[in-house]
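Report on the following structure.
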Amino acid sequence: MNFWIAIGATALGCYAVKLAGLLVPAGLLERPVVRRLSALLPVALLAALTAQQTFADGHALVLDARAAGLGAAAVALVLRAPFLVVVGVAVVVTAGLRAMTG
């Protein structure tokens, strides 16, 4: 029963956030600061999520195969590889190091 309460609360929360976004006046959204923030915020959030998922294990800071995979992906990006190649390189490096270290 608690499971369905959580699902219902999440659905209502998502709807409330969507409704709040629709109620924001258009004039506010056209301000240069808001436009700049809305362009940069997704990039910052994705970078923070990537760093947290790569270097954290619970409450500990770790440096393992995930960091090597991220480094390999960064090298592939610098070499201007297509996105699927970047993801493939990261997966192969991470999986290979995990297989070698057991």
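Chain labels A, B, ... are given in the sequence in which chains occur in the structure tokens; within each chain residues are numbered consecutively from 1, and ligands are likewise numbered from 1 in the order shown.
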For Ala74 of chain A, list every protein, DNA or RNA residue within 12 Å, evaluated using only C-alpha atoms, and leave out those in the same chain fewer than 2 positions away; present the list as a PDB file with N, CA, C and O atoms, in the first residue's frame.
ATOM      1  N   ALA A  67      36.412   5.597 -13.468  1.00  0.00           N
ATOM      2  CA  ALA A  67      37.204   6.799 -13.756  1.00  0.00           C
ATOM      3  C   ALA A  67      38.025   6.609 -15.030  1.00  0.00           C
ATOM      4  O   ALA A  67      38.155   7.534 -15.837  1.00  0.00           O
ATOM      5  N   ALA A  68      38.563   5.412 -15.211  1.00  0.00           N
ATOM      6  CA  ALA A  68      39.318   5.135 -16.439  1.00  0.00           C
ATOM      7  C   ALA A  68      38.407   5.191 -17.655  1.00  0.00           C
ATOM      8  O   ALA A  68      38.795   5.709 -18.719  1.00  0.00           O
ATOM      9  N   GLY A  69      37.192   4.682 -17.526  1.00  0.00           N
ATOM     10  CA  GLY A  69      36.226   4.754 -18.624  1.00  0.00           C
ATOM     11  C   GLY A  69      35.862   6.184 -18.965  1.00  0.00           C
ATOM     12  O   GLY A  69      35.749   6.551 -20.141  1.00  0.00           O
ATOM     13  N   LEU A  70      35.690   7.010 -17.930  1.00  0.00           N
ATOM     14  CA  LEU A  70      35.396   8.424 -18.162  1.00  0.00           C
ATOM     15  C   LEU A  70      36.574   9.119 -18.842  1.00  0.00           C
ATOM     16  O   LEU A  70      36.388   9.926 -19.757  1.00  0.00           O
ATOM     17  N   GLY A  71      37.786   8.779 -18.416  1.00  0.00           N
ATOM     18  CA  GLY A  71      38.976   9.349 -19.052  1.00  0.00           C
ATOM     19  C   GLY A  71      39.095   8.937 -20.511  1.00  0.00           C
ATOM     20  O   GLY A  71      39.417   9.759 -21.377  1.00  0.00           O
ATOM     21  N   ALA A  72      38.799   7.676 -20.793  1.00  0.00           N
ATOM     22  CA  ALA A  72      38.836   7.201 -22.181  1.00  0.00           C
ATOM     23  C   ALA A  72      37.784   7.903 -23.030  1.00  0.00           C
ATOM     24  O   ALA A  72      38.032   8.263 -24.186  1.00  0.00           O
ATOM     25  N   ALA A  76      38.317  10.271 -26.338  1.00  0.00           N
ATOM     26  CA  ALA A  76      37.563  10.072 -27.586  1.00  0.00           C
ATOM     27  C   ALA A  76      36.842  11.358 -27.995  1.00  0.00           C
ATOM     28  O   ALA A  76      36.760  11.678 -29.188  1.00  0.00           O
ATOM     29  N   LEU A  77      36.338  12.106 -27.013  1.00  0.00           N
ATOM     30  CA  LEU A  77      35.688  13.378 -27.338  1.00  0.00           C
ATOM     31  C   LEU A  77      36.679  14.394 -27.880  1.00  0.00           C
ATOM     32  O   LEU A  77      36.371  15.131 -28.826  1.00  0.00           O
ATOM     33  N   VAL A  78      37.871  14.449 -27.296  1.00  0.00           N
ATOM     34  CA  VAL A  78      38.901  15.373 -27.776  1.00  0.00           C
ATOM     35  C   VAL A  78      39.289  15.029 -29.216  1.00  0.00           C
ATOM     36  O   VAL A  78      39.553  15.915 -30.033  1.00  0.00           O
ATOM     37  N   LEU A  79      39.283  13.736 -29.526  1.00  0.00           N
ATOM     38  CA  LEU A  79      39.597  13.293 -30.887  1.00  0.00           C
ATOM     39  C   LEU A  79      38.402  13.411 -31.831  1.00  0.00           C
ATOM     40  O   LEU A  79      38.469  12.975 -32.972  1.00  0.00           O
ATOM     41  N   ARG A  80      37.310  13.998 -31.336  1.00  0.00           N
ATOM     42  CA  ARG A  80      36.095  14.252 -32.118  1.00  0.00           C
ATOM     43  C   ARG A  80      35.451  12.983 -32.668  1.00  0.00           C
ATOM     44  O   ARG A  80      34.965  12.934 -33.806  1.00  0.00           O
ATOM     45  N   ALA A  81      35.418  11.950 -31.840  1.00  0.00           N
ATOM     46  CA  ALA A  81      34.752  10.706 -32.228  1.00  0.00           C
ATOM     47  C   ALA A  81      33.236  10.910 -32.144  1.00  0.00           C
ATOM     48  O   ALA A  81      32.752  11.726 -31.357  1.00  0.00           O
ATOM     49  N   PHE A  83      29.353  10.192 -31.064  1.00  0.00           N
ATOM     50  CA  PHE A  83      28.850   9.918 -29.720  1.00  0.00           C
ATOM     51  C   PHE A  83      28.807   8.423 -29.402  1.00  0.00           C
ATOM     52  O   PHE A  83      29.205   8.009 -28.311  1.00  0.00           O
ATOM     53  N   VAL A  85      30.607   6.064 -30.580  1.00  0.00           N
ATOM     54  CA  VAL A  85      31.983   5.586 -30.401  1.00  0.00           C
ATOM     55  C   VAL A  85      32.498   5.985 -29.020  1.00  0.00           C
ATOM     56  O   VAL A  85      33.150   5.187 -28.339  1.00  0.00           O
ATOM     57  N   VAL A  86      32.189   7.193 -28.585  1.00  0.00           N
ATOM     58  CA  VAL A  86      32.599   7.652 -27.253  1.00  0.00           C
ATOM     59  C   VAL A  86      32.011   6.738 -26.179  1.00  0.00           C
ATOM     60  O   VAL A  86      32.714   6.286 -25.274  1.00  0.00           O
ATOM     61  N   VAL A  87      30.724   6.453 -26.288  1.00  0.00           N
ATOM     62  CA  VAL A  87      30.072   5.574 -25.316  1.00  0.00           C
ATOM     63  C   VAL A  87      30.678   4.178 -25.387  1.00  0.00           C
ATOM     64  O   VAL A  87      30.965   3.558 -24.351  1.00  0.00           O
ATOM     65  N   VAL A  89      33.704   3.273 -26.350  1.00  0.00           N
ATOM     66  CA  VAL A  89      35.056   3.296 -25.783  1.00  0.00           C
ATOM     67  C   VAL A  89      34.985   3.270 -24.259  1.00  0.00           C
ATOM     68  O   VAL A  89      35.712   2.522 -23.594  1.00  0.00           O
ATOM     69  N   ALA A  90      34.093   4.072 -23.684  1.00  0.00           N
ATOM     70  CA  ALA A  90      33.948   4.106 -22.227  1.00  0.00           C
ATOM     71  C   ALA A  90      33.511   2.753 -21.682  1.00  0.00           C
ATOM     72  O   ALA A  90      34.043   2.270 -20.679  1.00  0.00           O
TER      73      ALA A  90
END
**Asked** In chain A, what's helix (DSSP H, G or I) per DSSP? Answer as a ChimeraX atom specification?
**Response** /A:2-23,26-29,32-55,65-78,83-101
**Prompt:** Near Ala95 of chain A, counting only C-alpha atoms, which residues have an atom at most 9 Å away, once you skip same-chain residues fewer than 4 positions from it, shown as a ChimeraX atom specification?
**Reply:** /A:65-66,69,90-91,99-100
Write the residues you've just listed into a file as an mmCIF file, in the first residue's frame, and include N, CA, C and O atoms for each of them.
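Now in part_35.cif:
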data_model
loop_
_atom_site.group_PDB
_atom_site.id
_atom_site.type_symbol
_atom_site.label_atom_id
_atom_site.label_comp_id
_atom_site.auth_asym_id
_atom_site.auth_seq_id
_atom_site.Cartn_x
_atom_site.Cartn_y
_atom_site.Cartn_z
ATOM 1 N N ALA A 65 37.626 1.584 -12.089
ATOM 2 C CA ALA A 65 37.497 1.424 -13.539
ATOM 3 C C ALA A 65 36.562 2.459 -14.156
ATOM 4 O O ALA A 65 36.728 2.835 -15.318
ATOM 5 N N ARG A 66 35.594 2.933 -13.382
ATOM 6 C CA ARG A 66 34.681 3.952 -13.920
ATOM 7 C C ARG A 66 35.428 5.232 -14.282
ATOM 8 O O ARG A 66 35.131 5.869 -15.292
ATOM 9 N N GLY A 69 37.192 4.682 -17.526
ATOM 10 C CA GLY A 69 36.226 4.754 -18.624
ATOM 11 C C GLY A 69 35.862 6.184 -18.965
ATOM 12 O O GLY A 69 35.749 6.551 -20.141
ATOM 13 N N ALA A 90 34.093 4.072 -23.684
ATOM 14 C CA ALA A 90 33.948 4.106 -22.227
ATOM 15 C C ALA A 90 33.511 2.753 -21.682
ATOM 16 O O ALA A 90 34.043 2.270 -20.679
ATOM 17 N N VAL A 91 32.582 2.114 -22.365
ATOM 18 C CA VAL A 91 32.093 0.807 -21.919
ATOM 19 C C VAL A 91 33.179 -0.247 -22.008
ATOM 20 O O VAL A 91 33.385 -1.031 -21.067
ATOM 21 N N ALA A 99 37.022 -6.539 -15.568
ATOM 22 C CA ALA A 99 37.292 -7.967 -15.793
ATOM 23 C C ALA A 99 38.714 -8.335 -15.365
ATOM 24 O O ALA A 99 38.933 -9.426 -14.825
ATOM 25 N N MET A 100 39.663 -7.441 -15.582
ATOM 26 C CA MET A 100 41.062 -7.730 -15.210
ATOM 27 C C MET A 100 41.281 -7.675 -13.696
ATOM 28 O O MET A 100 42.068 -8.414 -13.159
#
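Atom CA of Gln53 of chain A to atom CA of Tyr15 of chain A spans 27.7 Å [interatomic distance, one decimal].
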**Request:** Enumerate the residues of chain A with a DSSP assignment of strand (DSSP E or B), computed from the backbone, and present them as a list in words.
**Result:** Ala56, Asp57, Ala60 and Leu61 of chain A
Taking C-alpha atoms for each residue, export the selection above as an mmCIF file, in the first residue's frame.
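Listing of result.cif after writing:
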data_model
loop_
_atom_site.group_PDB
_atom_site.id
_atom_site.type_symbol
_atom_site.label_atom_id
_atom_site.label_comp_id
_atom_site.auth_asym_id
_atom_site.auth_seq_id
_atom_site.Cartn_x
_atom_site.Cartn_y
_atom_site.Cartn_z
ATOM 1 C CA ALA A 56 31.408 8.012 -5.372
ATOM 2 C CA ASP A 57 30.557 4.719 -3.723
ATOM 3 C CA ALA A 60 33.363 7.170 0.025
ATOM 4 C CA LEU A 61 35.396 8.717 -2.759
#
**Request:** Report the distance between atom CA of Ala20 of chain A and atom CA of Ser38 of chain A in Å, rounded to one decimal place.
**Result:** 15.6 Å
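In this structure, atom CA of Val93 of chain A sits 15.9 Å away from atom CA of Phe55 of chain A.
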